[in-house]
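**Student:** One structure follows; several queries about it will come next.
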Amino acid sequence: MNVKGKIWKFGDHINTDDIIAARYLNTTDGKELAAHCMETIRPGFADAFVAGDIVVAGENFGCGSSREHAPVALRELGVSVVVAKSFARIFLRNSINIGLPLVELEEVDALREKDLVEIDLTTGILRNLTLNKEYTFTRYPDFLRELIEYGGLMKWTQERYIR
Amino acid sequence: MTITEKILASHANKKEVVPGEFLYADLDLVLANDVTGPLAIEEFEKAGATKVFDPEKIVLVPDHFTPCKDIRSAELVQSLRTFSKKHGTRFYEMGRVGIEHALLPEEGLTLPGALIIGADSHTCTYGAVAAFSTGVGSTDVAAAMISGKVWLKVPSTIRFNYRGTLQRWTGGKDLILYTIGKIGVDGALYRSMEFAGETILTLPMDDRFTMCNMAIEAGAKNGIIAPDEITSAFFSGELNIRNEIPAGLFSDPGSKYDQIIDIDVSKIGPQVAAPHLPSNTKDVREFSSVKIDQVVIGSCTNGRLSDLRKAAMVMKGKKVHPELRTIVIPATQKIYRQSLEMGLLDIFIDAGCVVSTPTCGPCLGGHMGILGKGETALATTNRNFIGRMGSPESFVYLSNPEVAAASAVKGSIAHPEEVGK
């Protein structure tokens with residue numbers, strides 16, 4: 001799977017309150033959540049974001065609460081992939097479970113706001129087209145790849161328990 | 001194996017597990033609340049599921065925005081109520097509900113050696129009764145309600161050995177704030193935090209809940225304390241239920257740890273975490289000039305009976321500072337009633353506090369005490385992220401209940417000794 005988009009860059013420890021504030025948790029509507037994504041730390045982000053673009057951040061992205069509303073808001077906004085140095089664990093499993101691709105990349109500091117990048121999730125290669133540089137990242141372990149190939153945890157569970 | 005590895009192995013029908021291994025493990029309890037439950041129910045129904053794996057093992061707790069703060073939150077609770085009626089799952093109606101992580105142990109639902117997931121990050125609280133419990137998302141809960149299972153990666157473990165005698169005015173909250181300050185908000189990312197050492201052996205159960213509760217604030221998968229006499233006494237005494245602690249529920253000598261960290265607690269005074277990360281911790285005396293507008297005493301971290309008793313003892317016969325408001329939130333109905341019977345609520349009301357029905361409320365900026373622009377709060381809660389308690393331009397400091405009570409009286413962040421005995 002290939003994605004190509006412009007970078008929106010964030011710092012370390014972006015928490016789930018940053019991604020979607022608790023005052024919007026009285027809805028489960030993805031589009032509505034998307035409209036308030038990152039509002040606290042970057043007002044206007046949701047309006048300016050172009051579907052298919054890429055969010056890049058530092059350490060521990062998605063720390064804090066277990067709210068799946070956070071990866072849902074990013075996915076519904078059209079974020080094609082989140083690249084970070086590391087991810088908080090509940091955010092990571094939520095993203096895998098709902099089919100939001102994540103890339104763990106050490107060289108995040110070399111990526112800049114607005115750079116155009118192309119990511120090949122199958123081979124684990126990220127190309128910075130603006131700077132003409134290439135990086136490799138570790139792909140998910142087999143078990144998680146299986147979940148993702150099924151289209152997320154619900155489809156995987158459905159296959160085993162409902163059909 | 002460590003205690004965490006033993007619990008995971010036993011629930012995956014394996015003799016042994018090693019860190020990094022993926023498991024598909026059997027669950028003893030599945031939890032969701034009014035924020036995460038409705039999303040799980042939507043997914044459950046979208047998958048075409050018609051039956052839950054075991055209604056007795058599913059608990060739906062509307063605690064975040066209850067008593068419902070607006071029409072939409074009422075509809076979220078309706079979704080839990082309808083689902084629970086249809087499938088026979090456990091559900092706690094307002095008037096009987098409490099904050100999930102105080103309520104479930106009190107109801108005797110969280111047992112030593114159990115494997116528990118909850119769609120709430122603070123589900124790690126139950127490590128205090130030696131369960132492996134971890135926060136997950138709504139889709140995890142939806143799938144678990146169907147299968148009774150969860151996928152997990154076996155975490156490696158950091159062992160924390162606490163030595164020495166706790167100073168007066170310090171407890172579990174100070175130990176965990178100090179620890180998070182030492183290792184950082186991702187210091188235990190993906191890993192298990194095992195709390196041990198001589199200090200833990202005498203640490204009361206409520207303080208153990210506080211410590212395990214905040215393991216997630218260091219990024220951990222779970223926090224856990226091996227069962228001992230205090231654990232047994234909690235079940236046989238406080239809960240009055242018979243519970244056999246499974247044999248061998250401890251970390252074997254020679255268990256492999258990622259890291260072992262020794263902490264001398266005798267040098268630790270009351271800790272305060274400054275905005276906007278729980279790891280920004282320092283001794284309370286470093287914050288003596290910080291003026292505050294609101295104090296919150298409650299939450300799944302510090303809304304238990306002994307927390308309220310400690311706060312009341314500091315506040316007894318005194319008044320909340322005229323330029324500040326204080327909100328006290330007992331975590332469950334039982335704690336509410338016990339505080340009432342012990343006269344704690346009289347102390348709070350005489351002092352000029354708001355005393356609220358159990359709710360998560362202001363801790364996550366939901367309702368019942370939201371901060372306006374430029375305002376500062378000191379809270380016994382667990383997170384001080386930007387905008388956590390309201391306005392993105394407000395500030396939250398975290399502390400133990402005695403420091404919160406003393407600060408309420410003084411009007412600025414204070415050591416309990418500053419407001420008299």
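Chains: A, B, ... in order of the structure tokens. Residues: from 1 per chain. Ligands: from 1, in order shown.
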Mind dumping a table of every chain A residue within 7 Å of chain B, with the nearest atom pair and its distance in Å to one decimal, using only C-alpha atoms, sorted by chain and rising number, as a tab-separated table?

**Tutor:**
```
residue	atom	partner	partner_atom	distance
A:Asp17	CA	B:Arg388	CA	6.8
A:Ala22	CA	B:Leu364	CA	6.3
A:Arg23	CA	B:Gly366	CA	6.0
A:Leu25	CA	B:Val35	CA	6.4
A:Asn26	CA	B:Ser73	CA	5.3
A:Thr27	CA	B:Arg72	CA	6.8
A:Thr28	CA	B:Leu39	CA	6.3
A:Thr40	CA	B:Pro392	CA	6.0
A:Asn60	CA	B:Asp186	CA	6.4
A:Gly64	CA	B:Glu217	CA	6.9
A:Ser65	CA	B:Ser121	CA	5.0
A:Ser66	CA	B:Ser121	CA	4.7
A:Arg67	CA	B:Gly137	CA	6.3
A:Glu68	CA	B:Gly137	CA	5.5
A:Ala88	CA	B:Gly219	CA	6.4
A:Arg89	CA	B:Tyr190	CA	5.8
A:Ile90	CA	B:Val136	CA	5.6
A:Asn94	CA	B:Gly137	CA	5.6
A:Asn97	CA	B:Thr139	CA	6.4
A:Met154	CA	B:Ala143	CA	6.0
A:Thr157	CA	B:Ala143	CA	6.2
A:Gln158	CA	B:Ala47	CA	6.4
A:Tyr161	CA	B:Ser147	CA	6.8
A:Ile162	CA	B:Ala49	CA	6.6
```

**Student:** If you run DSSP on the backbone, which residues of chain A are strand (DSSP E or B), as JSON, numbers by chain?

**Tutor:** {"A": [2, 3, 4, 5, 6, 7, 8, 9, 15, 54, 55, 56, 57, 61, 63, 81, 82, 83, 84, 87, 102, 103, 104, 116, 117, 118, 119, 120, 125, 126, 127, 128, 133, 134, 135, 136]}

**Student:** Give me the residues within 10 Å of Leu131 of chain A as an MDAnalysis selection string, counting only C-alpha atoms and dropping any in the same chain fewer than 4 places off.

**Tutor:** chainID A and resid 110:112 115:117 127

**Student:** Can you pull out the residues contacting segment 70-84 of chain A? Cut-off 6 Å, using only C-alpha atoms, and skip same-chain residues under 6 positions away; I want them as a PDB file with C-alpha atoms, in the first residue's frame.

**Tutor:**
```
ATOM      1  CA  THR A  16      -5.449  12.355  23.154  1.00  0.00           C
ATOM      2  CA  ILE A  19      -6.086  15.243  19.314  1.00  0.00           C
ATOM      3  CA  ILE A  20      -9.706  15.521  20.423  1.00  0.00           C
ATOM      4  CA  GLY A  30     -16.513  10.676  13.156  1.00  0.00           C
ATOM      5  CA  LYS A  31     -16.957  13.692  10.890  1.00  0.00           C
ATOM      6  CA  LEU A  33     -14.853  14.663  15.811  1.00  0.00           C
ATOM      7  CA  ALA A  34     -12.646  15.316  12.788  1.00  0.00           C
ATOM      8  CA  ALA A  51      -7.354  14.543   2.927  1.00  0.00           C
ATOM      9  CA  GLY A  52      -4.481  12.187   2.180  1.00  0.00           C
ATOM     10  CA  ASP A  53      -1.905  14.314   3.983  1.00  0.00           C
ATOM     11  CA  ILE A  54       0.343  12.897   6.665  1.00  0.00           C
ATOM     12  CA  VAL A  55       0.739  13.711  10.360  1.00  0.00           C
ATOM     13  CA  VAL A  56       4.308  13.529  11.670  1.00  0.00           C
ATOM     14  CA  ALA A  57       5.187  13.764  15.370  1.00  0.00           C
ATOM     15  CA  GLY A  58       7.890  12.988  17.920  1.00  0.00           C
ATOM     16  CA  SER A  95      -5.266   2.616  15.335  1.00  0.00           C
ATOM     17  CA  PRO A 101      -1.835   3.107   9.458  1.00  0.00           C
ATOM     18  CA  LEU A 102       1.057   4.093  11.745  1.00  0.00           C
ATOM     19  CA  VAL A 103       4.742   4.276  10.955  1.00  0.00           C
ATOM     20  CA  GLU A 104       7.409   4.276  13.636  1.00  0.00           C
ATOM     21  CA  LEU A 105      10.420   6.159  12.288  1.00  0.00           C
TER      22      LEU A 105
END
```

**Student:** Mind listing the helix (DSSP H, G or I) residues of segment 61-123 of chain A, per DSSP on the backbone, as a list in words?

**Tutor:**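 Here is the list: His69, Ala70, Pro71, Val72, Ala73, Leu74, Arg75, Glu76, Leu77, Arg89, Ile90, Phe91, Leu92, Arg93, Asn94, Ser95, Ile96, Asn97, Ile98, Glu106, Glu107, Val108, Asp109 and Ala110 of chain A.
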